[in-house]
Protein chains: 2
Amino acid sequence: MHIREMLADAERTGNPSFSFEYFPPKTAQGVQNLYDRMDRMYSFGPKFIDITWGAGGHIAELTCEMVVQAQTYLGLETCMHLTCTDMGEEKVNDALRKAYKAGCTNILALRGDPPRDHEKWEATESGFRYAKDLVAHIRKTYGQHFDIGVAGYPEGCDDNKDEELLLDHLKEKVDVGATFIVTQMFYDADNFIRWVGKVRARGITVPILPGIMPIATYASFIRRANHMNCKIPDDWMEKLEPVKNDDVAVREMGKTLVADLCRKIIAAGIPHLHFYTMNLAQATRMVLEELDWLPSANRPLKQALPWKQSLGLGRREEDVRPIFWRNRNKSYVKRTQDWDEFPNGRWGDSRSPAFGELDAYGIGLTGTNEQNRKKWGEPTCVADIANLFVRYLNKEIDYLPWSEAPLASEAEQIKDDLIDLNKRGLITVNSQPAVNGVKSTHPIHGWGPNNGYVYQKAYLELLVSPEVYKEMKGRIEHHPDLTYYAVTRSGTLETNTSSEGPNAVTWGVFPGKEIVQPTIVESISFLAWKDEAFRLGVDWSRCYEANTPSRLLLEEIMDTWYLVNIVNNDFHQPRTIFEVLGDLTVADLDKVPAPSTTNGAHEPATTNGTAAH
Amino acid sequence: MHIREMLADAERTGNPSFSFEYFPPKTAQGVQNLYDRMDRMYSFGPKFIDITWGAGGHIAELTCEMVVQAQTYLGLETCMHLTCTDMGEEKVNDALRKAYKAGCTNILALRGDPPRDHEKWEATESGFRYAKDLVAHIRKTYGQHFDIGVAGYPEGCDDNKDEELLLDHLKEKVDVGATFIVTQMFYDADNFIRWVGKVRARGITVPILPGIMPIATYASFIRRANHMNCKIPDDWMEKLEPVKNDDVAVREMGKTLVADLCRKIIAAGIPHLHFYTMNLAQATRMVLEELDWLPSANRPLKQALPWKQSLGLGRREEDVRPIFWRNRNKSYVKRTQDWDEFPNGRWGDSRSPAFGELDAYGIGLTGTNEQNRKKWGEPTCVADIANLFVRYLNKEIDYLPWSEAPLASEAEQIKDDLIDLNKRGLITVNSQPAVNGVKSTHPIHGWGPNNGYVYQKAYLELLVSPEVYKEMKGRIEHHPDLTYYAVTRSGTLETNTSSEGPNAVTWGVFPGKEIVQPTIVESISFLAWKDEAFRLGVDWSRCYEANTPSRLLLEEIMDTWYLVNIVNNDFHQPRTIFEVLGDLTVADLDKVPAPSTTNGAHEPATTNGTAAH
């Protein structure tokens with residue numbers, strides 16, 4: 001989506017909006033941490049994020065990668081920075097192509113810093129000397145595909161303090177095709193508002209996004225302001241200087257000052273703020289909190305669908321997914337990335353799309369064996385595993401082999417039932433509560449446009465021992481409202497449904513639209529998920545040495561237990577599934593598997609794999 | 001659908017089912033009357049209907065036409081009789097081809113009566129001598145496409161009384177491919193049950209459909225029984241003879257006797273009865289009533305969708321239609337008959353299908369000018385037209401130019417509001433009340449499989465004068481829950497919706513299925529309907545002489561009024577539309593248009609058409 005459209009939306013509704021800027025970290029671990037942080041900061045509700053250009057070599061590659069990651073997996077609209085510094089036309093075209101393929105539709109076209117060995121900036125052989133050259137090139141090459149932003153300097157730029165000359169340049173950049181302006185950071189609201197007046201007086205009408213730098217520590221505040229030649233208002237210094245050694249006090253004071261700055265800007269009719277996050281969450285979060293702009297019951301995070309959409313190229317229209325990957329979003333996107341088209345409106349013919357294989361990077365269990373043992377301990381009986389799931393449900397741990405994110409807030413209302421099941425050895429892998437028509441703006445269950453109603457059928461997916469399954473199946477099979485699918489790792493699918501078609505388990509009714517049905521339960525994709533679910537369990541078992549009780553226990557579960565999903569089709573009845581499973585219990589919750597006498601009989605560990613065979 | 005499947009369904013659920021037999025009437029008016037009657041008898045809930053073969057010439061054509069009519073427009077599954085009498089192979093193949101193309105999947109293969117100039121039946125040149133030859137031929141030509149029935153004779157057939165020989169023939173017919181048996185009429189239940197035993201003893205396992213002839217009058221009862229050599233049990237004569245001159249008493253007694261017969265048959269394990277209706281409704285209805293088999297709150301008429309599906313070839317999967325043709329089902333089927341595929345699951349891309357032109361037979365107003373003037377009088381002011389609509393809403397008249405059937409029972413709950421609107425000159429052409437999730441077995445609103453919930457958004461379509469439209473538009477335009485489309489006969493579409501897509505106004509949620517959304521509101525099809533709606537009004541105006549007040553009034557309405565449809569997207573609020581239209585009133589309800597001084601200025605009648613131009 002073009003930034004212009006997002007801003008028009010903010011202007012129309014009168015709700016201020018904001019965006020976050022990130023830069024490529026230097027280490028692989030830093031990159032992973034940033035992705036996690038970006039994912040968490042999604043919930044702050046930014047309209048888009050901005051990735052700065054990592055001038056030169058692999059850092060430039062990383063910018064492109066981050067854009068892909070944000071668009072495809074995190075569902076974040078991006079704006080990719082692109083500079084001319086040290087870039088030939090070929091490299092520029094390569095970066096644009098990558099942005100295009102990632103589904104990115106916004107570029108911030110910058111001149112960039114001069115190369116280190118030059119005092120002053122000079123054109124490369126490509127002929128890009130000024131940002132305006134880059135703007136013109138992007139327009140020429142991609143027409144209207146990209147919204148193109150350029151930099152604005154309310155307080156001058158470091159190699160040029162001539163405001164009029166800078167405004168001339170800005171006008172030139174807009175005249176060749178730039179459609180929005182992002183400013184350098186500033187703390188002087190009055191000067192910014194004055195500057196906006198001068199910009200407008202030049203006949204520049206494109207939106208202006210003021211750059212806001214929240215205050216993390218006193219030292220970084222001073223350093224950055226100096227680095228950017230940014231004027232600090234006297235009263236700011238008067239307030240911050242006295243507490244400069246108290247980080248907490250600086251952040252508290254800083255949040256108030258920056259929030260006041262934001263309020264002044266908004267009051268001047270600028271509807272969107274651009275936050276320089278410095279890859280950190282806290283200081284930005286505090287400002288948003290102070291402004292009362294964070295999502296809340298009164299200001300719910302607007303999601304078009306109950307799951308995060310992928311904004312990758314060709315994927316924006318996708319609006320139906322199987323529920324199975326609910327807690328493994330990224331793996332679903334990866335396993336379907338080669339599809340020619342994505343389900344839209346209906347799941348469609350499920351026999352055609354083939355799910356990708358399990359051996360692609362990022363589909364199996366992540367983390368090293370040691371990390372995973374640390375996270376999940378060394379379970380030796382079903383009760384231990386159950387306890388792990390109970391801790392996840394109590395939000396004492398954030399991940400499980402089958403869940404790559406902390407428990408969703410909607411699970412709260414069935415948490416006690418889920419805990420009860422786990423305590424009886426029925427391991428709950430996935431679930432959703434029934435919702436019988438709440439407003440689409442509901443803070444927990446809501447999604448989609450305003451003035452709609454959303455619904456859910458209760459869903460439960462569990463790992464079940466063979467004895468429990470036998471009894472469970474008998475109870476479910478002829479229940480008029482329950483449909484189920486069950487399968488072991490290598491077994492055949494059992495079900496009580498007669499139709500092969502999908503069962504819509506989440507849907508929404510909106511003004512002027514067909515019914516939107518974004519999650520479904522369906523047999524073919526359940527079988528694809530089954531392979532992945534058991535594979536994750538096997539991966540987990542391999543975190544332990546062969547013939548250890550943990551390894552033997554997990555192997556036995558993966559080899560003999562059933563993966564079962566149950567839908568209660570009567571969405572007026574929230575507790576039927578739990579009632580039907582009422583008193584089912586695994587017989588020997590505390591039984592520790594005995595090591596086999598033939599070492600590693602089941603699946604030899606790589607270190608001593610020849611012993612038994 | 002194959003009759004076998006329908007019977008299996010009756011057997012599985014334990015609910016007895018039944019079917020009706022009709023024969024081709026001799027006159028065109030008789031045919032039209034029968035279609036109307038078949039349509040009304042649809043609501044009795046027959047599993048299928050049977051059309052006898054009109055041996056020879058145009059009556060044979062008529063059988064095929066009736067099959068088309070029943071399958072395509074009335075949504076009735078058919079079984080077509082086919083005889084060998086006087087039929088060459090070519091004619092047989094022609095009839096089979098027509099049945100196939102009509103979507104018919106059941107044939108009753110009969111030998112038929114001998115031609116009149118022969119005492120005994122002989123084979124024609126085609127080589128079809130016995131019914132078994134016809135069965136074999138159909139199987140050979142069409143494989144399993146048709147379910148094939150054959151006749152059974154519990155009391156012997158008129159040229160053969162040898163029961164064993166007849167059973168031999170029956171066995172032969174089944175052996176070459178017959179899959180069900182329909183018996184001749186009988187009144188002797190004990191003999192029938194004995195005969196069924198003998199049939200089964202021969203190893204014939206296909207379903208047997210007993211033929212039941214309800215009693216209309218004493219004379220016809222005796223005549224038919226004699227004609228078919230059908231034994232009348234002594235106690236029947238004892239009960240009917242004394243009242244034979246009292247038709248009402250005969251029907252009352254007859255209904256009790258026939259219902260008893262039916263109960264005995266059902267008790268013997270035969271789940272389906274085949275009624276020889278003699279093209280009449282009453283006697284059959286009385287028997288079904290006596291048996292308590294007519295649809296009711298306890299035994300709702302099962303409809304897969306809220307509208308009658310067309311069972312024409314290639315149309316069975318169709319499950320989405322615009323709401324506009326709700327009261328003009330046949331016209332919709334006609335205007336879409338050339339579509340390559342029919343909307344299924346979603347309305348899909350509405351830009352591709354083109355609606356058929358208005359000049360096809362049966363799309364304009366039916367009936368002669370005189371008949372229509374008689375039905376609808378000679379309205380001279382808006383109040384007169386309003387009054388006509390009020391009478392329709394009060395079920396005092398059965399048809400309107402825009403409604404080919406009496407008011408639907410679901411309109412009862414908004415009837416007072418509709419009447420109120422009409423009295424104020426807002427002419428209501430179509431409507432549906434809001435339904436916020438009632439069980440799919442609901443006697444009035446229910447449709448689709450059991451254990452589901454169905455929903456409706458309130459819908460209203462009206463003819464509105466320009467002044468009223470102006471005020472109405474202002475009120476609706478910015479209402480958060482209301483969407484509308486409005487257009488004059490030759491004007492451009494006005495709407496407050498931003499999306500071009502369809503708005504689902506009826507939908508159902510069922511176990512194990514995607515959401516079914518059988519009626520929608522959508523712009524392109526509304527424009528096609530608009531042409532038809534105004535055309536119907538113009539047709540109506542032409543029932544009156546040029547320059548008469550009725551003609552001038554209707555012409556003015558068709559030329560200047562708006563056709564408006566309004567959806568209340570909040571289906572939790574049943575009365576919003578009526579509240580919003582609250583006090584709107586046409587200014588001069590009683591104004592009679594003055595004849596123009598130039599004769600026929602507007603639209604010259606064919607008789608004096610040259611005067612003004």
# chains A, B, ... in the order shown; residues from 1 in each chain; ligands from 1

call {"tool": "residues_around", "arguments": {"residues": "region 91-102 of chain A", "least_positions_apart": "4", "cutoff": "7 Å", "atoms": "only C-alpha atoms", "output": "list of chain:residue names"}}
result
A:Cys64, A:Val67, A:Val68, A:Gln71, A:Met87, A:Gly312, A:Leu313

call {"tool": "write_last_selection", "arguments": {"atoms": "all heavy atoms", "output": "short mmCIF file (atom, residue, chain, number, x, y, z; two decimals), in the first residue's frame"}}
result
data_model
loop_
_atom_site.label_atom_id
_atom_site.label_comp_id
_atom_site.auth_asym_id
_atom_site.auth_seq_id
_atom_site.Cartn_x
_atom_site.Cartn_y
_atom_site.Cartn_z
N CYS A 64 17.49 -5.27 2.08
CA CYS A 64 16.51 -5.96 1.22
C CYS A 64 15.88 -7.15 1.95
O CYS A 64 14.67 -7.37 1.88
CB CYS A 64 17.17 -6.41 -0.08
SG CYS A 64 17.73 -5.02 -1.09
N VAL A 67 13.34 -6.07 4.40
CA VAL A 67 12.10 -5.68 3.72
C VAL A 67 11.27 -6.92 3.41
O VAL A 67 10.05 -6.98 3.67
CB VAL A 67 12.41 -4.87 2.44
CG1 VAL A 67 11.16 -4.71 1.59
CG2 VAL A 67 12.97 -3.50 2.81
N VAL A 68 11.92 -7.96 2.89
CA VAL A 68 11.22 -9.22 2.59
C VAL A 68 10.59 -9.78 3.86
O VAL A 68 9.42 -10.16 3.89
CB VAL A 68 12.20 -10.26 1.99
CG1 VAL A 68 11.55 -11.63 1.92
CG2 VAL A 68 12.68 -9.82 0.61
N GLN A 71 7.57 -7.64 5.04
CA GLN A 71 6.40 -7.74 4.16
C GLN A 71 5.79 -9.14 4.21
O GLN A 71 4.59 -9.30 4.35
CB GLN A 71 6.79 -7.44 2.70
CG GLN A 71 7.26 -6.02 2.44
CD GLN A 71 6.11 -5.04 2.21
OE1 GLN A 71 6.21 -3.87 2.56
NE2 GLN A 71 5.01 -5.52 1.66
N MET A 87 26.68 3.86 -5.29
CA MET A 87 25.82 2.87 -5.95
C MET A 87 25.81 3.13 -7.45
O MET A 87 25.43 4.21 -7.90
CB MET A 87 24.37 3.03 -5.46
CG MET A 87 24.16 2.72 -4.01
SD MET A 87 23.81 0.97 -3.74
CE MET A 87 22.11 0.87 -4.29
N GLY A 312 3.56 -9.96 0.90
CA GLY A 312 4.45 -10.30 -0.20
C GLY A 312 3.75 -10.13 -1.53
O GLY A 312 2.52 -10.11 -1.61
N LEU A 313 4.54 -10.01 -2.58
CA LEU A 313 4.00 -9.82 -3.93
C LEU A 313 3.03 -10.96 -4.26
O LEU A 313 3.34 -12.13 -4.11
CB LEU A 313 5.15 -9.80 -4.95
CG LEU A 313 4.80 -9.31 -6.35
CD1 LEU A 313 4.45 -7.84 -6.34
CD2 LEU A 313 5.96 -9.56 -7.31
#

call {"tool": "residues_around", "arguments": {"residues": "Tyr361 (chain B)", "least_positions_apart": "4", "cutoff": "10 Å", "atoms": "only C-alpha atoms", "output": "list in words"}}
result
Ser331, Lys334, Leu365 and Thr366 of chain B

call {"tool": "write_last_selection", "arguments": {"atoms": "N, CA and C atoms", "output": "PDB file, in the first residue's frame"}}
result
ATOM      1  N   SER B 331     -38.003 -15.990 -14.589  1.00  0.00           N
ATOM      2  CA  SER B 331     -37.343 -15.008 -15.443  1.00  0.00           C
ATOM      3  C   SER B 331     -35.833 -15.030 -15.198  1.00  0.00           C
ATOM      4  N   LYS B 334     -34.365 -18.001 -16.933  1.00  0.00           N
ATOM      5  CA  LYS B 334     -34.348 -17.764 -18.384  1.00  0.00           C
ATOM      6  C   LYS B 334     -33.235 -16.798 -18.777  1.00  0.00           C
ATOM      7  N   LEU B 365     -44.382  -8.990 -18.933  1.00  0.00           N
ATOM      8  CA  LEU B 365     -45.596  -9.235 -18.158  1.00  0.00           C
ATOM      9  C   LEU B 365     -46.433 -10.302 -18.863  1.00  0.00           C
ATOM     10  N   THR B 366     -46.902 -11.295 -18.114  1.00  0.00           N
ATOM     11  CA  THR B 366     -47.747 -12.326 -18.719  1.00  0.00           C
ATOM     12  C   THR B 366     -49.215 -11.918 -18.597  1.00  0.00           C
TER      13      THR B 366
END

call {"tool": "calpha_fit_rmsd", "arguments": {"fixed": "chain A", "moving": "chain B"}}
result
0.1 Å

call {"tool": "closest_residue", "arguments": {"among": "B:Ala383, B:Ala297, B:Val320, B:Val580", "to": "Ile520 (chain B)", "atoms": "only C-alpha atoms"}}
result
B:Val320

call {"tool": "residues_around", "arguments": {"residues": "region 532-543 of chain A", "least_positions_apart": "3", "cutoff": "8 Å", "atoms": "only C-alpha atoms", "output": "short mmCIF file (atom, residue, chain, number, x, y, z; two decimals) with all heavy atoms, in the first residue's frame"}}
result
data_model
loop_
_atom_site.label_atom_id
_atom_site.label_comp_id
_atom_site.auth_asym_id
_atom_site.auth_seq_id
_atom_site.Cartn_x
_atom_site.Cartn_y
_atom_site.Cartn_z
N LEU A 358 9.16 -30.41 4.27
CA LEU A 358 9.51 -29.99 5.63
C LEU A 358 10.96 -29.60 5.78
O LEU A 358 11.35 -29.05 6.81
CB LEU A 358 9.21 -31.13 6.59
CG LEU A 358 7.74 -31.54 6.67
CD1 LEU A 358 7.60 -32.71 7.62
CD2 LEU A 358 6.91 -30.37 7.15
N ILE A 363 11.47 -24.38 8.94
CA ILE A 363 10.22 -25.09 9.16
C ILE A 363 10.31 -26.05 10.35
O ILE A 363 9.38 -26.18 11.12
CB ILE A 363 9.75 -25.80 7.86
CG1 ILE A 363 9.32 -24.73 6.87
CG2 ILE A 363 8.61 -26.77 8.14
CD1 ILE A 363 8.99 -25.22 5.52
N GLY A 364 11.48 -26.69 10.50
CA GLY A 364 11.67 -27.56 11.67
C GLY A 364 11.80 -26.73 12.93
O GLY A 364 11.59 -25.52 12.94
N LEU A 365 12.13 -27.44 14.01
CA LEU A 365 12.28 -26.76 15.30
C LEU A 365 13.49 -25.83 15.25
O LEU A 365 14.56 -26.23 14.79
CB LEU A 365 12.48 -27.83 16.38
CG LEU A 365 12.17 -27.44 17.82
CD1 LEU A 365 10.72 -27.06 17.98
CD2 LEU A 365 12.53 -28.60 18.73
N THR A 368 19.10 -24.28 19.24
CA THR A 368 20.02 -25.41 19.39
C THR A 368 19.42 -26.39 20.39
O THR A 368 18.50 -26.04 21.15
CB THR A 368 21.37 -24.93 19.94
OG1 THR A 368 21.15 -24.42 21.26
CG2 THR A 368 21.97 -23.84 19.06
N ASN A 369 19.92 -27.62 20.39
CA ASN A 369 19.44 -28.62 21.36
C ASN A 369 19.56 -28.09 22.78
O ASN A 369 18.67 -28.27 23.60
CB ASN A 369 20.27 -29.90 21.22
CG ASN A 369 19.98 -30.60 19.90
OD1 ASN A 369 19.08 -30.18 19.16
ND2 ASN A 369 20.74 -31.65 19.60
N GLU A 370 20.67 -27.42 23.04
CA GLU A 370 20.91 -26.93 24.39
C GLU A 370 19.88 -25.86 24.76
O GLU A 370 19.30 -25.91 25.85
CB GLU A 370 22.32 -26.36 24.47
CG GLU A 370 22.81 -26.20 25.88
CD GLU A 370 24.16 -25.46 25.93
OE1 GLU A 370 24.93 -25.57 24.97
OE2 GLU A 370 24.36 -24.75 26.93
N ASN A 372 16.96 -25.51 23.56
CA ASN A 372 15.64 -26.12 23.71
C ASN A 372 15.51 -26.90 25.01
O ASN A 372 14.45 -26.88 25.64
CB ASN A 372 15.33 -27.01 22.50
CG ASN A 372 15.13 -26.16 21.24
OD1 ASN A 372 14.79 -24.98 21.34
ND2 ASN A 372 15.37 -26.75 20.08
N ARG A 373 16.59 -27.58 25.38
CA ARG A 373 16.55 -28.30 26.67
C ARG A 373 16.37 -27.30 27.80
O ARG A 373 15.66 -27.53 28.77
CB ARG A 373 17.82 -29.12 26.88
CG ARG A 373 17.86 -30.41 26.06
CD ARG A 373 18.93 -31.37 26.57
NE ARG A 373 20.26 -30.78 26.54
CZ ARG A 373 21.13 -30.91 25.52
NH1 ARG A 373 20.79 -31.60 24.43
NH2 ARG A 373 22.31 -30.36 25.60
N PRO A 401 7.19 -26.25 21.32
CA PRO A 401 7.61 -26.74 20.00
C PRO A 401 6.56 -26.44 18.92
O PRO A 401 6.89 -26.27 17.76
CB PRO A 401 7.77 -28.24 20.22
CG PRO A 401 8.11 -28.36 21.67
CD PRO A 401 7.35 -27.27 22.36
N TRP A 402 5.28 -26.34 19.32
CA TRP A 402 4.22 -26.13 18.32
C TRP A 402 3.69 -24.69 18.30
O TRP A 402 2.73 -24.41 17.60
CB TRP A 402 3.08 -27.12 18.56
CG TRP A 402 3.52 -28.53 18.34
CD1 TRP A 402 3.57 -29.19 17.14
CD2 TRP A 402 4.00 -29.45 19.32
NE1 TRP A 402 4.07 -30.46 17.32
CE2 TRP A 402 4.34 -30.65 18.66
CE3 TRP A 402 4.21 -29.38 20.71
CZ2 TRP A 402 4.85 -31.76 19.32
CZ3 TRP A 402 4.72 -30.49 21.36
CH2 TRP A 402 5.03 -31.67 20.67
N ARG A 489 1.17 -40.51 13.26
CA ARG A 489 2.27 -40.03 12.41
C ARG A 489 2.28 -40.74 11.06
O ARG A 489 2.49 -40.13 10.03
CB ARG A 489 3.59 -40.27 13.15
CG ARG A 489 4.78 -39.66 12.48
CD ARG A 489 5.99 -39.87 13.36
NE ARG A 489 7.22 -39.56 12.67
CZ ARG A 489 8.40 -39.97 13.07
NH1 ARG A 489 8.51 -40.71 14.18
NH2 ARG A 489 9.48 -39.65 12.41
N ALA A 528 -0.94 -32.26 5.73
CA ALA A 528 0.34 -31.54 5.56
C ALA A 528 0.81 -31.02 6.92
O ALA A 528 2.00 -31.09 7.26
CB ALA A 528 0.18 -30.39 4.56
N TRP A 529 -0.13 -30.51 7.70
CA TRP A 529 0.21 -30.01 9.04
C TRP A 529 0.65 -31.16 9.95
O TRP A 529 1.58 -31.03 10.75
CB TRP A 529 -0.97 -29.26 9.64
CG TRP A 529 -0.87 -29.10 11.12
CD1 TRP A 529 -1.65 -29.67 12.08
CD2 TRP A 529 0.12 -28.32 11.83
NE1 TRP A 529 -1.23 -29.30 13.32
CE2 TRP A 529 -0.14 -28.48 13.20
CE3 TRP A 529 1.20 -27.54 11.43
CZ2 TRP A 529 0.63 -27.86 14.19
CZ3 TRP A 529 1.98 -26.92 12.40
CH2 TRP A 529 1.69 -27.08 13.76
N ALA A 546 20.01 -40.34 22.80
CA ALA A 546 19.29 -41.59 22.60
C ALA A 546 19.22 -42.36 23.91
O ALA A 546 20.15 -42.29 24.73
CB ALA A 546 19.97 -42.43 21.53
N SER A 550 13.73 -38.81 28.40
CA SER A 550 13.05 -37.75 27.63
C SER A 550 12.93 -38.15 26.16
O SER A 550 11.87 -38.02 25.55
CB SER A 550 13.83 -36.44 27.72
OG SER A 550 13.82 -35.96 29.04
N ARG A 551 14.01 -38.64 25.61
CA ARG A 551 14.00 -39.06 24.21
C ARG A 551 13.01 -40.18 23.98
O ARG A 551 12.21 -40.14 23.05
CB ARG A 551 15.43 -39.51 23.83
CG ARG A 551 15.57 -40.19 22.48
CD ARG A 551 15.81 -39.18 21.37
NE ARG A 551 16.30 -39.84 20.17
CZ ARG A 551 17.49 -39.63 19.62
NH1 ARG A 551 18.35 -38.78 20.16
NH2 ARG A 551 17.84 -40.25 18.51
N LEU A 552 13.07 -41.19 24.88
CA LEU A 552 12.17 -42.34 24.73
C LEU A 552 10.70 -41.92 24.86
O LEU A 552 9.84 -42.35 24.09
CB LEU A 552 12.50 -43.41 25.78
CG LEU A 552 13.85 -44.09 25.58
CD1 LEU A 552 14.19 -44.93 26.82
CD2 LEU A 552 13.83 -44.97 24.33
N LEU A 554 9.30 -38.91 24.29
CA LEU A 554 8.84 -38.12 23.13
C LEU A 554 8.72 -39.00 21.89
O LEU A 554 7.80 -38.85 21.09
CB LEU A 554 9.78 -36.94 22.89
CG LEU A 554 9.66 -35.83 23.96
CD1 LEU A 554 10.81 -34.85 23.87
CD2 LEU A 554 8.32 -35.11 23.82
N GLU A 555 9.67 -39.95 21.75
CA GLU A 555 9.58 -40.86 20.60
C GLU A 555 8.32 -41.71 20.66
O GLU A 555 7.62 -41.89 19.66
CB GLU A 555 10.82 -41.77 20.57
CG GLU A 555 12.02 -41.06 19.95
CD GLU A 555 13.30 -41.90 20.04
OE1 GLU A 555 13.31 -42.92 20.78
OE2 GLU A 555 14.28 -41.53 19.38
N MET A 558 5.37 -39.55 19.70
CA MET A 558 5.33 -39.27 18.27
C MET A 558 4.99 -40.52 17.46
O MET A 558 4.37 -40.44 16.41
CB MET A 558 6.68 -38.68 17.79
CG MET A 558 6.96 -37.29 18.33
SD MET A 558 5.61 -36.12 17.99
CE MET A 558 5.16 -35.62 19.63
#

call {"tool": "closest_residue", "arguments": {"among": "A:Lys132, A:His445, A:Arg37, A:Arg391", "to": "Leu108 (chain A)", "atoms": "only C-alpha atoms"}}
result
A:Lys132

call {"tool": "closest_residue", "arguments": {"among": "B:Val521, B:Leu584, B:Ile3, B:Ala594", "to": "chain A", "atoms": "only C-alpha atoms"}}
result
B:Val521

call {"tool": "residues_around", "arguments": {"residues": "Gln517 (chain B)", "least_positions_apart": "5", "cutoff": "7 Å", "atoms": "only C-alpha atoms", "output": "list in words"}}
result
Val320, Gly345, Ala504, Thr506, Trp507 and Gly508 of chain B

call {"tool": "interface_residues", "arguments": {"of": "chain B", "to": "chain A", "cutoff": "10 Å", "atoms": "only C-alpha atoms", "output": "PyMOL selection string"}}
result
chain B and resi 345-348+436-437+450-453+457+480-484+496-507+509-517+519-522+567-572

call {"tool": "residues_around", "arguments": {"residues": "Ile51 (chain A)", "least_positions_apart": "4", "cutoff": "7 Å", "atoms": "only C-alpha atoms", "output": "PyMOL selection string"}}
result
chain A and resi 21-23+63+79-81

call {"tool": "write_last_selection", "arguments": {"atoms": "N, CA and C atoms", "output": "JSON list (two decimals), in the first residue's frame"}}
result
[["chain", "number", "residue", "atom", "x", "y", "z"],
["A", 21, "GLU", "N", 11.02, 3.59, 12.29],
["A", 21, "GLU", "CA", 12.21, 3.37, 11.46],
["A", 21, "GLU", "C", 13.18, 2.43, 12.16],
["A", 22, "TYR", "N", 13.70, 1.46, 11.39],
["A", 22, "TYR", "CA", 14.70, 0.52, 11.90],
["A", 22, "TYR", "C", 15.91, 0.57, 10.97],
["A", 23, "PHE", "N", 17.07, 0.13, 11.51],
["A", 23, "PHE", "CA", 18.25, 0.02, 10.65],
["A", 23, "PHE", "C", 18.82, -1.39, 10.73],
["A", 63, "THR", "N", 19.34, -4.93, 4.15],
["A", 63, "THR", "CA", 18.18, -4.04, 4.03],
["A", 63, "THR", "C", 17.08, -4.72, 3.22],
["A", 79, "CYS", "N", 8.76, 0.83, 3.95],
["A", 79, "CYS", "CA", 9.33, 1.84, 3.07],
["A", 79, "CYS", "C", 10.83, 1.56, 3.09],
["A", 80, "MET", "N", 11.40, 1.28, 1.94],
["A", 80, "MET", "CA", 12.84, 0.97, 1.88],
["A", 80, "MET", "C", 13.62, 2.22, 1.52],
["A", 81, "HIS", "N", 14.64, 2.52, 2.34],
["A", 81, "HIS", "CA", 15.54, 3.62, 2.00],
["A", 81, "HIS", "C", 16.45, 3.17, 0.87]]

call {"tool": "residues_around", "arguments": {"residues": "Glu290 (chain B)", "least_positions_apart": "3", "cutoff": "7 Å", "atoms": "only C-alpha atoms", "output": "PDB file with C-alpha atoms, in the first residue's frame"}}
result
ATOM      1  CA  ALA B 259     -54.425 -43.124   4.731  1.00  0.00           C
ATOM      2  CA  MET B 286     -56.152 -34.623   2.230  1.00  0.00           C
ATOM      3  CA  VAL B 287     -54.457 -38.006   2.487  1.00  0.00           C
TER       4      VAL B 287
END

call {"tool": "residues_around", "arguments": {"residues": "Tyr392 (chain B)", "least_positions_apart": "2", "cutoff": "12 Å", "atoms": "only C-alpha atoms", "output": "VMD selection string"}}
result
chain B and resid 375 to 376 385 to 390 394 to 408 411 to 412 415 418 to 419 422 427 to 430

call {"tool": "select_by_dssp", "arguments": {"residues": "region 166-393 of chain A", "states": "strand (DSSP E or B)", "output": "list in words"}}
result
Phe180, Ile181, Val182, Thr183, Gln184, Met185, Ile208, Leu209, Pro210, Gly211, Ile212, His272, Leu273, His274, Phe275, Tyr276, Arg321, Pro322, Asn344 and Arg346 of chain A

call {"tool": "closest_residue", "arguments": {"among": "B:Gly127, B:Pro449, B:Pro24, B:Pro214", "to": "Leu261 (chain B)", "atoms": "only C-alpha atoms"}}
result
B:Pro214

call {"tool": "atom_distance", "arguments": {"atom1": "CA of Phe44 (chain B)", "atom2": "CA of Arg285 (chain B)"}}
result
7.5 Å
